[in-house]
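J.: Please find entry.cif (mmCIF, C-alpha atoms) on the next line:
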```cif
data_model
#
loop_
_atom_site.group_PDB
_atom_site.id
_atom_site.type_symbol
_atom_site.label_atom_id
_atom_site.label_comp_id
_atom_site.auth_asym_id
_atom_site.auth_seq_id
_atom_site.Cartn_x
_atom_site.Cartn_y
_atom_site.Cartn_z
ATOM 1 C CA MET A 17 -6.915 -23.536 45.769
ATOM 2 C CA ALA A 18 -10.400 -23.053 47.126
ATOM 3 C CA SER A 19 -11.588 -19.487 46.981
ATOM 4 C CA LEU A 20 -12.253 -17.683 50.223
ATOM 5 C CA SER A 21 -14.929 -15.127 50.859
ATOM 6 C CA PRO A 22 -14.049 -11.675 52.205
ATOM 7 C CA GLN A 23 -15.810 -12.562 55.503
ATOM 8 C CA THR A 24 -13.522 -15.578 55.908
ATOM 9 C CA LEU A 25 -10.453 -13.439 55.247
ATOM 10 C CA LEU A 26 -11.528 -10.914 57.837
ATOM 11 C CA SER A 27 -12.016 -13.643 60.405
ATOM 12 C CA ILE A 28 -8.559 -15.053 59.681
ATOM 13 C CA SER A 29 -6.538 -11.861 59.407
ATOM 14 C CA LYS A 30 -8.208 -9.747 62.136
ATOM 15 C CA PRO A 31 -6.624 -10.328 65.538
ATOM 16 C CA ASN A 32 -8.668 -10.542 68.682
ATOM 17 C CA LYS A 33 -8.412 -7.484 70.878
ATOM 18 C CA PRO A 34 -6.655 -8.510 74.046
ATOM 19 C CA ASN A 35 -8.136 -7.462 77.363
ATOM 20 C CA SER A 36 -6.251 -6.368 80.398
ATOM 21 C CA LYS A 37 -6.222 -9.858 81.876
ATOM 22 C CA GLN A 38 -4.644 -11.377 78.791
ATOM 23 C CA LEU A 39 -1.724 -8.925 78.541
ATOM 24 C CA PRO A 40 1.526 -10.838 78.325
ATOM 25 C CA SER A 41 4.659 -10.168 80.249
ATOM 26 C CA HIS A 42 5.853 -7.860 77.448
ATOM 27 C CA ALA A 43 3.214 -5.290 78.313
ATOM 28 C CA CYS A 44 4.098 -5.426 82.012
ATOM 29 C CA LEU A 45 7.724 -4.912 81.176
ATOM 30 C CA LEU A 46 6.820 -1.957 78.970
ATOM 31 C CA SER A 47 4.809 -0.254 81.714
ATOM 32 C CA LYS A 48 7.617 -0.664 84.240
ATOM 33 C CA LEU A 49 10.301 0.653 81.925
ATOM 34 C CA SER A 50 8.194 3.601 80.810
ATOM 35 C CA GLN A 51 7.901 4.748 84.418
ATOM 36 C CA ASN A 52 11.661 4.887 84.752
ATOM 37 C CA PRO A 53 12.766 8.564 84.346
ATOM 38 C CA ASN A 54 16.175 7.527 83.015
ATOM 39 C CA PHE A 55 14.561 5.636 80.152
ATOM 40 C CA SER A 56 14.936 7.738 76.916
ATOM 41 C CA ARG A 57 12.117 8.472 74.519
ATOM 42 C CA ASN A 58 13.902 6.854 71.553
ATOM 43 C CA LYS A 59 14.433 3.601 73.431
ATOM 44 C CA GLN A 60 10.862 3.734 74.568
ATOM 45 C CA ARG A 61 9.637 3.970 70.917
ATOM 46 C CA LYS A 62 11.720 0.935 69.894
ATOM 47 C CA LEU A 63 10.456 -1.002 72.886
ATOM 48 C CA ASN A 64 6.848 -0.147 72.010
ATOM 49 C CA SER A 65 7.315 -1.473 68.467
ATOM 50 C CA TRP A 66 8.877 -4.706 69.742
ATOM 51 C CA VAL A 67 6.111 -5.292 72.205
ATOM 52 C CA VAL A 68 3.335 -4.653 69.652
ATOM 53 C CA ASN A 69 4.889 -7.063 67.152
ATOM 54 C CA SER A 70 5.256 -9.704 69.799
ATOM 55 C CA VAL A 71 1.633 -9.368 70.842
ATOM 56 C CA VAL A 72 0.376 -9.536 67.272
ATOM 57 C CA ASN A 73 2.482 -12.578 66.460
ATOM 58 C CA GLU A 74 1.208 -14.355 69.513
ATOM 59 C CA GLU A 75 -2.450 -13.495 68.882
ATOM 60 C CA LEU A 76 -2.542 -13.808 65.050
ATOM 61 C CA ASP A 77 -2.682 -17.203 63.398
ATOM 62 C CA VAL A 78 -0.597 -17.064 60.211
ATOM 63 C CA LEU A 79 -1.565 -19.681 57.662
ATOM 64 C CA PRO A 80 1.126 -21.146 55.365
ATOM 65 C CA VAL A 81 0.626 -20.176 51.744
ATOM 66 C CA GLN A 82 0.888 -22.961 49.184
ATOM 67 C CA SER A 83 0.069 -20.916 46.062
ATOM 68 C CA GLN A 84 2.819 -19.135 44.196
ATOM 69 C CA ASP A 85 0.478 -16.512 42.762
ATOM 70 C CA LEU A 86 1.322 -13.005 43.885
ATOM 71 C CA THR A 87 -2.340 -12.183 44.267
ATOM 72 C CA ASP A 88 -2.669 -15.000 46.846
ATOM 73 C CA MET A 89 0.179 -13.800 49.085
ATOM 74 C CA GLN A 90 0.361 -10.569 51.038
ATOM 75 C CA GLU A 91 2.854 -10.623 53.954
ATOM 76 C CA GLY A 92 2.168 -14.248 54.783
ATOM 77 C CA VAL A 93 -1.635 -13.904 55.054
ATOM 78 C CA VAL A 94 -3.904 -15.775 52.685
ATOM 79 C CA VAL A 95 -5.808 -13.416 50.393
ATOM 80 C CA GLY A 96 -8.651 -14.834 48.351
ATOM 81 C CA ARG A 97 -11.196 -13.486 45.917
ATOM 82 C CA GLU A 98 -14.464 -14.895 44.811
ATOM 83 C CA GLU A 99 -14.828 -14.502 41.078
ATOM 84 C CA ASP A 100 -18.086 -14.574 39.256
ATOM 85 C CA GLY A 101 -18.539 -17.775 37.241
ATOM 86 C CA GLU A 102 -19.747 -16.074 34.095
ATOM 87 C CA LEU A 103 -16.883 -13.547 34.156
ATOM 88 C CA ALA A 104 -14.344 -16.350 34.651
ATOM 89 C CA SER A 105 -15.732 -18.268 31.685
ATOM 90 C CA GLN A 106 -15.580 -15.159 29.509
ATOM 91 C CA VAL A 107 -11.971 -14.498 30.526
ATOM 92 C CA SER A 108 -11.119 -18.129 29.794
ATOM 93 C CA GLN A 109 -12.672 -17.916 26.336
ATOM 94 C CA VAL A 110 -10.993 -14.619 25.447
ATOM 95 C CA SER A 111 -7.530 -15.228 26.841
ATOM 96 C CA GLY A 112 -7.319 -18.891 25.787
ATOM 97 C CA PHE A 113 -6.439 -20.227 29.259
ATOM 98 C CA SER A 114 -8.033 -23.428 30.484
ATOM 99 C CA ASP A 115 -6.945 -25.369 33.596
ATOM 100 C CA GLY A 116 -3.684 -23.447 33.798
ATOM 101 C CA THR A 117 -2.682 -24.180 30.191
ATOM 102 C CA LEU A 118 -2.577 -21.771 27.278
ATOM 103 C CA SER A 119 -4.745 -22.647 24.288
ATOM 104 C CA PHE A 120 -4.641 -20.923 20.878
ATOM 105 C CA ASP A 121 -7.797 -22.511 19.512
ATOM 106 C CA GLY A 122 -9.817 -19.325 19.835
ATOM 107 C CA PHE A 123 -7.123 -17.221 18.257
ATOM 108 C CA SER A 124 -6.580 -19.633 15.359
ATOM 109 C CA SER A 125 -10.280 -19.866 14.563
ATOM 110 C CA ALA A 126 -10.738 -16.100 14.743
ATOM 111 C CA SER A 127 -7.648 -15.414 12.606
ATOM 112 C CA SER A 128 -8.663 -18.009 10.012
ATOM 113 C CA ALA A 129 -12.150 -16.519 9.834
ATOM 114 C CA SER A 130 -10.757 -13.014 9.349
ATOM 115 C CA ALA A 131 -8.274 -14.297 6.729
ATOM 116 C CA ASP A 132 -11.069 -16.021 4.819
ATOM 117 C CA GLU A 133 -13.173 -12.870 4.953
ATOM 118 C CA ARG A 134 -10.273 -10.730 3.766
ATOM 119 C CA ARG A 135 -9.518 -13.196 0.963
ATOM 120 C CA GLY A 136 -13.151 -13.140 -0.091
ATOM 121 C CA ASN A 137 -13.167 -9.341 -0.178
ATOM 122 C CA GLU A 138 -10.007 -9.326 -2.295
ATOM 123 C CA GLU A 139 -11.498 -11.815 -4.744
ATOM 124 C CA MET A 140 -14.663 -9.746 -4.990
ATOM 125 C CA GLY A 141 -12.621 -6.587 -5.619
ATOM 126 C CA ARG A 142 -10.595 -8.312 -8.331
ATOM 127 C CA LEU A 143 -13.766 -9.579 -9.975
ATOM 128 C CA ILE A 144 -15.239 -6.070 -10.003
ATOM 129 C CA ASP A 145 -12.010 -4.633 -11.456
ATOM 130 C CA ARG A 146 -11.907 -7.274 -14.184
ATOM 131 C CA THR A 147 -15.523 -6.560 -15.061
ATOM 132 C CA ILE A 148 -14.914 -2.813 -15.306
ATOM 133 C CA ASN A 149 -11.743 -3.261 -17.369
ATOM 134 C CA ALA A 150 -13.402 -5.733 -19.715
ATOM 135 C CA THR A 151 -16.329 -3.358 -20.178
ATOM 136 C CA ILE A 152 -13.983 -0.473 -21.019
ATOM 137 C CA VAL A 153 -11.956 -2.549 -23.488
ATOM 138 C CA LEU A 154 -15.015 -3.972 -25.198
ATOM 139 C CA ALA A 155 -16.747 -0.584 -25.409
ATOM 140 C CA VAL A 156 -13.706 1.243 -26.815
ATOM 141 C CA GLY A 157 -12.833 -1.626 -29.152
ATOM 142 C CA THR A 158 -16.381 -1.875 -30.482
ATOM 143 C CA PHE A 159 -16.530 1.873 -31.085
ATOM 144 C CA ALA A 160 -13.168 1.937 -32.888
ATOM 145 C CA ILE A 161 -13.929 -1.062 -35.108
ATOM 146 C CA THR A 162 -17.350 0.305 -35.946
ATOM 147 C CA LYS A 163 -15.902 3.681 -36.951
ATOM 148 C CA LEU A 164 -13.189 2.055 -39.042
ATOM 149 C CA LEU A 165 -15.553 -0.288 -40.870
ATOM 150 C CA THR A 166 -18.287 2.287 -41.456
ATOM 151 C CA ILE A 167 -16.024 4.875 -43.088
ATOM 152 C CA ASP A 168 -17.770 4.240 -46.421
ATOM 153 C CA GLN A 169 -21.320 3.729 -45.161
ATOM 154 C CA ASP A 170 -22.570 6.547 -47.379
ATOM 155 C CA TYR A 171 -21.370 4.596 -50.435
ATOM 156 C CA TRP A 172 -22.418 1.102 -49.441
ATOM 157 C CA HIS A 173 -25.257 0.873 -51.905
ATOM 158 C CA GLY A 174 -24.602 -2.260 -53.884
ATOM 159 C CA TRP A 175 -21.276 -3.050 -52.184
ATOM 160 C CA THR A 176 -20.316 -6.531 -51.065
ATOM 161 C CA ILE A 177 -18.626 -7.411 -47.749
ATOM 162 C CA PHE A 178 -15.387 -8.020 -49.597
ATOM 163 C CA GLU A 179 -15.460 -4.531 -51.111
ATOM 164 C CA ILE A 180 -16.182 -2.927 -47.722
ATOM 165 C CA VAL A 181 -13.225 -4.697 -46.057
ATOM 166 C CA ARG A 182 -10.967 -3.996 -49.042
ATOM 167 C CA TYR A 183 -11.503 -0.244 -49.280
ATOM 168 C CA ALA A 184 -11.919 0.543 -45.583
ATOM 169 C CA PRO A 185 -8.146 0.816 -44.715
ATOM 170 C CA LEU A 186 -7.416 3.049 -47.697
ATOM 171 C CA HIS A 187 -10.336 5.357 -47.055
ATOM 172 C CA ASN A 188 -9.500 5.569 -43.334
ATOM 173 C CA TRP A 189 -5.988 6.698 -44.200
ATOM 174 C CA THR A 190 -7.441 9.294 -46.563
ATOM 175 C CA ALA A 191 -9.711 10.557 -43.784
ATOM 176 C CA TYR A 192 -6.716 10.795 -41.403
ATOM 177 C CA GLU A 193 -4.748 12.879 -43.910
ATOM 178 C CA ALA A 194 -7.755 15.152 -44.348
ATOM 179 C CA ALA A 195 -7.966 15.610 -40.550
ATOM 180 C CA LEU A 196 -4.258 16.440 -40.461
ATOM 181 C CA LYS A 197 -4.765 19.194 -42.989
ATOM 182 C CA THR A 198 -7.833 20.548 -41.240
ATOM 183 C CA ASN A 199 -6.576 20.426 -37.632
ATOM 184 C CA PRO A 200 -3.117 18.842 -37.442
ATOM 185 C CA VAL A 201 -2.411 19.441 -33.744
ATOM 186 C CA LEU A 202 -5.696 17.958 -32.482
ATOM 187 C CA ALA A 203 -5.407 14.952 -34.799
ATOM 188 C CA LYS A 204 -1.893 14.182 -33.543
ATOM 189 C CA MET A 205 -2.975 14.660 -29.935
ATOM 190 C CA VAL A 206 -5.759 12.098 -30.350
ATOM 191 C CA ILE A 207 -3.441 9.620 -32.039
ATOM 192 C CA SER A 208 -0.802 10.051 -29.323
ATOM 193 C CA GLY A 209 -3.347 9.582 -26.541
ATOM 194 C CA VAL A 210 -4.644 6.350 -28.060
ATOM 195 C CA VAL A 211 -1.146 5.004 -28.773
ATOM 196 C CA TYR A 212 0.131 5.785 -25.266
ATOM 197 C CA SER A 213 -2.902 4.162 -23.623
ATOM 198 C CA LEU A 214 -2.540 0.999 -25.696
ATOM 199 C CA GLY A 215 1.210 0.994 -25.107
ATOM 200 C CA ASP A 216 0.787 1.145 -21.334
ATOM 201 C CA TRP A 217 -1.800 -1.659 -21.430
ATOM 202 C CA ILE A 218 0.582 -3.846 -23.458
ATOM 203 C CA ALA A 219 3.423 -2.995 -21.050
ATOM 204 C CA GLN A 220 1.330 -4.082 -18.059
ATOM 205 C CA CYS A 221 0.447 -7.360 -19.763
ATOM 206 C CA PHE A 222 4.122 -7.881 -20.579
ATOM 207 C CA GLU A 223 4.958 -7.319 -16.896
ATOM 208 C CA GLY A 224 2.773 -10.296 -15.989
ATOM 209 C CA LYS A 225 -0.664 -8.885 -15.313
ATOM 210 C CA PRO A 226 -3.668 -10.718 -16.775
ATOM 211 C CA LEU A 227 -5.396 -9.230 -19.797
ATOM 212 C CA PHE A 228 -8.263 -7.586 -17.895
ATOM 213 C CA GLU A 229 -6.481 -6.880 -14.595
ATOM 214 C CA PHE A 230 -4.518 -3.845 -15.746
ATOM 215 C CA ASP A 231 -4.198 -0.664 -13.696
ATOM 216 C CA ARG A 232 -6.768 1.739 -15.139
ATOM 217 C CA THR A 233 -5.319 4.763 -13.348
ATOM 218 C CA ARG A 234 -1.840 4.104 -14.700
ATOM 219 C CA MET A 235 -3.148 3.623 -18.238
ATOM 220 C CA PHE A 236 -5.202 6.808 -17.967
ATOM 221 C CA ARG A 237 -2.161 8.803 -16.772
ATOM 222 C CA SER A 238 -0.045 7.573 -19.656
ATOM 223 C CA GLY A 239 -2.766 8.323 -22.193
ATOM 224 C CA LEU A 240 -3.302 11.776 -20.677
ATOM 225 C CA VAL A 241 0.382 12.654 -21.003
ATOM 226 C CA GLY A 242 0.410 11.395 -24.584
ATOM 227 C CA PHE A 243 -2.697 13.394 -25.473
ATOM 228 C CA THR A 244 -1.779 16.690 -23.820
ATOM 229 C CA LEU A 245 1.977 16.838 -24.415
ATOM 230 C CA HIS A 246 3.369 14.323 -26.873
ATOM 231 C CA GLY A 247 0.999 15.086 -29.751
ATOM 232 C CA SER A 248 1.410 18.858 -29.638
ATOM 233 C CA LEU A 249 5.146 18.865 -28.871
ATOM 234 C CA SER A 250 5.857 16.304 -31.579
ATOM 235 C CA HIS A 251 4.019 18.447 -34.123
ATOM 236 C CA TYR A 252 6.288 21.441 -33.497
ATOM 237 C CA TYR A 253 9.380 19.260 -33.113
ATOM 238 C CA TYR A 254 9.007 17.749 -36.599
ATOM 239 C CA GLN A 255 8.486 21.193 -38.067
ATOM 240 C CA PHE A 256 11.748 22.235 -36.414
ATOM 241 C CA CYS A 257 13.466 19.133 -37.816
ATOM 242 C CA GLU A 258 12.396 19.960 -41.357
ATOM 243 C CA GLU A 259 13.926 23.413 -41.021
ATOM 244 C CA LEU A 260 17.080 22.012 -39.429
ATOM 245 C CA PHE A 261 17.707 19.562 -42.263
ATOM 246 C CA PRO A 262 16.354 21.180 -45.439
ATOM 247 C CA PHE A 263 18.174 18.765 -47.737
ATOM 248 C CA GLN A 264 17.189 15.915 -50.028
ATOM 249 C CA ASP A 265 20.388 13.882 -49.858
ATOM 250 C CA TRP A 266 20.605 10.254 -48.706
ATOM 251 C CA TRP A 267 22.148 11.126 -45.332
ATOM 252 C CA VAL A 268 19.219 13.304 -44.278
ATOM 253 C CA VAL A 269 17.105 10.407 -43.023
ATOM 254 C CA PRO A 270 19.893 8.892 -40.837
ATOM 255 C CA ALA A 271 20.743 12.360 -39.534
ATOM 256 C CA LYS A 272 17.110 13.036 -38.554
ATOM 257 C CA VAL A 273 16.834 9.680 -36.848
ATOM 258 C CA ALA A 274 20.084 10.247 -34.943
ATOM 259 C CA PHE A 275 18.902 13.666 -33.790
ATOM 260 C CA ASP A 276 15.517 12.216 -32.894
ATOM 261 C CA GLN A 277 17.051 9.436 -30.777
ATOM 262 C CA THR A 278 19.502 11.663 -28.929
ATOM 263 C CA ALA A 279 18.289 15.220 -28.375
ATOM 264 C CA TRP A 280 14.536 14.737 -28.765
ATOM 265 C CA ALA A 281 14.409 11.350 -27.007
ATOM 266 C CA ALA A 282 16.338 12.679 -24.019
ATOM 267 C CA ALA A 283 14.103 15.741 -23.744
ATOM 268 C CA TRP A 284 10.831 13.872 -24.188
ATOM 269 C CA ASN A 285 11.727 11.018 -21.808
ATOM 270 C CA SER A 286 12.574 13.555 -19.125
ATOM 271 C CA ILE A 287 9.297 15.412 -19.665
ATOM 272 C CA TYR A 288 7.294 12.179 -19.683
ATOM 273 C CA TYR A 289 8.645 10.828 -16.394
ATOM 274 C CA MET A 290 8.487 14.186 -14.647
ATOM 275 C CA VAL A 291 4.840 14.706 -15.581
ATOM 276 C CA LEU A 292 3.954 11.125 -14.599
ATOM 277 C CA GLY A 293 5.617 11.652 -11.230
ATOM 278 C CA LEU A 294 3.668 14.862 -10.679
ATOM 279 C CA LEU A 295 0.410 13.093 -11.566
ATOM 280 C CA ARG A 296 1.281 10.380 -9.023
ATOM 281 C CA LEU A 297 1.919 13.135 -6.431
ATOM 282 C CA GLU A 298 5.486 11.958 -5.865
ATOM 283 C CA SER A 299 8.291 13.988 -4.361
ATOM 284 C CA PRO A 300 10.934 15.645 -6.588
ATOM 285 C CA PHE A 301 13.586 13.286 -5.169
ATOM 286 C CA SER A 302 11.562 10.204 -6.169
ATOM 287 C CA ILE A 303 10.929 11.630 -9.649
ATOM 288 C CA PHE A 304 14.623 12.350 -10.147
ATOM 289 C CA SER A 305 15.570 8.841 -8.956
ATOM 290 C CA GLU A 306 13.185 7.200 -11.433
ATOM 291 C CA LEU A 307 14.385 9.439 -14.261
ATOM 292 C CA LYS A 308 18.000 8.641 -13.439
ATOM 293 C CA ALA A 309 17.316 4.900 -13.379
ATOM 294 C CA THR A 310 15.438 4.810 -16.722
ATOM 295 C CA PHE A 311 17.211 7.515 -18.726
ATOM 296 C CA TRP A 312 20.075 5.573 -20.292
ATOM 297 C CA PRO A 313 18.257 2.232 -20.806
ATOM 298 C CA MET A 314 15.441 3.919 -22.721
ATOM 299 C CA LEU A 315 17.807 6.129 -24.697
ATOM 300 C CA THR A 316 20.139 3.315 -25.745
ATOM 301 C CA GLY A 317 17.313 0.819 -26.344
ATOM 302 C CA GLY A 318 15.420 3.191 -28.641
ATOM 303 C CA SER A 319 18.558 4.156 -30.536
ATOM 304 C CA PHE A 320 19.523 0.521 -31.129
ATOM 305 C CA GLY A 321 16.042 -0.324 -32.439
ATOM 306 C CA HIS A 322 16.016 2.577 -34.867
ATOM 307 C CA LEU A 323 19.537 1.684 -36.005
ATOM 308 C CA LEU A 324 18.334 -1.777 -37.018
ATOM 309 C CA ILE A 325 15.531 -0.170 -39.014
ATOM 310 C CA LEU A 326 17.876 2.296 -40.727
ATOM 311 C CA LEU A 327 20.514 -0.193 -41.850
ATOM 312 C CA PRO A 328 18.455 -1.598 -44.774
ATOM 313 C CA MET A 329 17.477 1.904 -45.815
ATOM 314 C CA VAL A 330 21.086 3.161 -45.875
ATOM 315 C CA TRP A 331 22.305 -0.013 -47.584
ATOM 316 C CA SER A 332 19.779 0.404 -50.401
ATOM 317 C CA GLN A 333 20.992 3.940 -51.245
#
```
Let me see the file written as structure tokens.
T.:
Amino acid sequence: MASLSPQTLLSISKPNKPNSKQLPSHACLLSKLSQNPNFSRNKQRKLNSWVVNSVVNEELDVLPVQSQDLTDMQEGVVVGREEDGELASQVSQVSGFSDGTLSFDGFSSASSASADERRGNEEMGRLIDRTINATIVLAVGTFAITKLLTIDQDYWHGWTIFEIVRYAPLHNWTAYEAALKTNPVLAKMVISGVVYSLGDWIAQCFEGKPLFEFDRTRMFRSGLVGFTLHGSLSHYYYQFCEELFPFQDWWVVPAKVAFDQTAWAAAWNSIYYMVLGLLRLESPFSIFSELKATFWPMLTGGSFGHLLILLPMVWSQ
């Protein structure tokens, strides 16, 4: 439909003011009836409305409306609006409408561009994480291997490579025993922290994560719990066990293992999961749900593994 200017609309919709010579018979009838004293005011108001409508309908040309758009129809009078060409093109580009049809080309291109950008950011983040994890693993591994191989560096004068590799494990064990005598709690705390960190890394790899895409925060939490709690608590627990079973008979070892896998395992598993939940800032309900779901599987799985280890020992007695 061709657009109409506001001036055109005014010329169409504005009726011509009738003069006194052009008054129809309705107006003459109204003037005669209004002079009648018996004519009521209410009837006079209705008659006025009827006469005005009749005059307007006679004087006003009403154009038939072909468009079905609500903005083009107002009480039978054509209403048009001139839109700016640039604004119309912008609306067409944004909304996806063209010639009355809906097009999703703009949306699809914009969504694909945003998806590609998001995918690129994710790949970049994964690459950065892999680089950081690989750096940590290589740095810690290099330090540990260097310390283990250089345990006898003060006595290397005249030694061959074969002699260094041969005596390094034995002398490292001797150094560990010396550290246990000097500061047993700290030595066990360090060992527990290292073992728990490596154990969590292996668990993540077993769950399906690539070698260098492990969760550093999770591994750090596990190692922190092992360092601060497991090493020190285990030290005092084993001292308590020695006092609880001060015997040298053959059944002492199975009894200690049974106590370890029931009372101590239940207590330590509960402590471990509660502290991990607190470090993750979880609610008490979530911590209790996780503890309830993992309590029996860990307790029975650990007991079954130790039972397989103990059977040859008991059989050999």
J.: Quick check on the file I pasted: which residues fall under the PyMOL selection byres ((chain A and resi 143-156) around 9)? Write them as number ranges by chain.
T.: A: 138-142, 157-161, 227-232
J.: Using all atoms listed in the file, which residue out of A:Val210, A:Leu196, A:Leu186, A:Ile177 lies closest to A:Phe236?
T.: A:Val210
J.: Quick check on the file I pasted: which residues fall under the PyMOL selection byres ((chain A and resi 235) around 10)? Write them as a list of chain:residue names.
T.: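 Residues picked by the PyMOL selection byres ((chain A and resi 235) around 10): A:Tyr212, A:Ser213, A:Leu214, A:Gly215, A:Asp216, A:Trp217, A:Ile218, A:Ala219, A:Gln220, A:Phe230, A:Asp231, A:Arg232, A:Thr233, A:Arg234, A:Phe236, A:Arg237, A:Ser238, A:Gly239, A:Leu240.
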J.: What gap, in Å, lies between atom CA of A:Phe304 and atom CA of A:Phe275?
T.: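 Going from atom CA of A:Phe304 over to atom CA of A:Phe275 covers 24.1 Å.
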J.: What gap, in Å, lies between atom CA of A:Leu245 and atom CA of A:Pro200?
T.: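 These two atoms are separated by 14.1 Å.
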J.: Separation of atom CA of A:Pro226 and atom CA of A:Glu133, in Å?
T.: 23.8 Å
J.: Find the residues with any atom within 10 Å of (1.0, 12.2, -30.2); use all atoms listed in the file and the coordinates as given in the file, and write the answer as a PDB file with C-alpha atoms, keeping the file's coordinate frame.
T.:
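As written to disk, part-v6.pdb reads:
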```pdb
ATOM      1  CA  VAL A 201      -2.411  19.441 -33.744  1.00  0.00           C
ATOM      2  CA  LEU A 202      -5.696  17.958 -32.482  1.00  0.00           C
ATOM      3  CA  ALA A 203      -5.407  14.952 -34.799  1.00  0.00           C
ATOM      4  CA  LYS A 204      -1.893  14.182 -33.543  1.00  0.00           C
ATOM      5  CA  MET A 205      -2.975  14.660 -29.935  1.00  0.00           C
ATOM      6  CA  VAL A 206      -5.759  12.098 -30.350  1.00  0.00           C
ATOM      7  CA  ILE A 207      -3.441   9.620 -32.039  1.00  0.00           C
ATOM      8  CA  SER A 208      -0.802  10.051 -29.323  1.00  0.00           C
ATOM      9  CA  GLY A 209      -3.347   9.582 -26.541  1.00  0.00           C
ATOM     10  CA  VAL A 210      -4.644   6.350 -28.060  1.00  0.00           C
ATOM     11  CA  VAL A 211      -1.146   5.004 -28.773  1.00  0.00           C
ATOM     12  CA  TYR A 212       0.131   5.785 -25.266  1.00  0.00           C
ATOM     13  CA  GLY A 239      -2.766   8.323 -22.193  1.00  0.00           C
ATOM     14  CA  VAL A 241       0.382  12.654 -21.003  1.00  0.00           C
ATOM     15  CA  GLY A 242       0.410  11.395 -24.584  1.00  0.00           C
ATOM     16  CA  PHE A 243      -2.697  13.394 -25.473  1.00  0.00           C
ATOM     17  CA  THR A 244      -1.779  16.690 -23.820  1.00  0.00           C
ATOM     18  CA  LEU A 245       1.977  16.838 -24.415  1.00  0.00           C
ATOM     19  CA  HIS A 246       3.369  14.323 -26.873  1.00  0.00           C
ATOM     20  CA  GLY A 247       0.999  15.086 -29.751  1.00  0.00           C
ATOM     21  CA  SER A 248       1.410  18.858 -29.638  1.00  0.00           C
ATOM     22  CA  LEU A 249       5.146  18.865 -28.871  1.00  0.00           C
ATOM     23  CA  SER A 250       5.857  16.304 -31.579  1.00  0.00           C
ATOM     24  CA  HIS A 251       4.019  18.447 -34.123  1.00  0.00           C
TER      25      HIS A 251
END
```
J.: What would the selection look like, as JSON, numbers by chain, if the PyMOL selection byres ((chain A and resi 276-287) around 7) were run on the coordinates I just shared?
T.: {"A": [272, 273, 274, 275, 288, 289, 290, 291, 307, 315, 318, 319]}
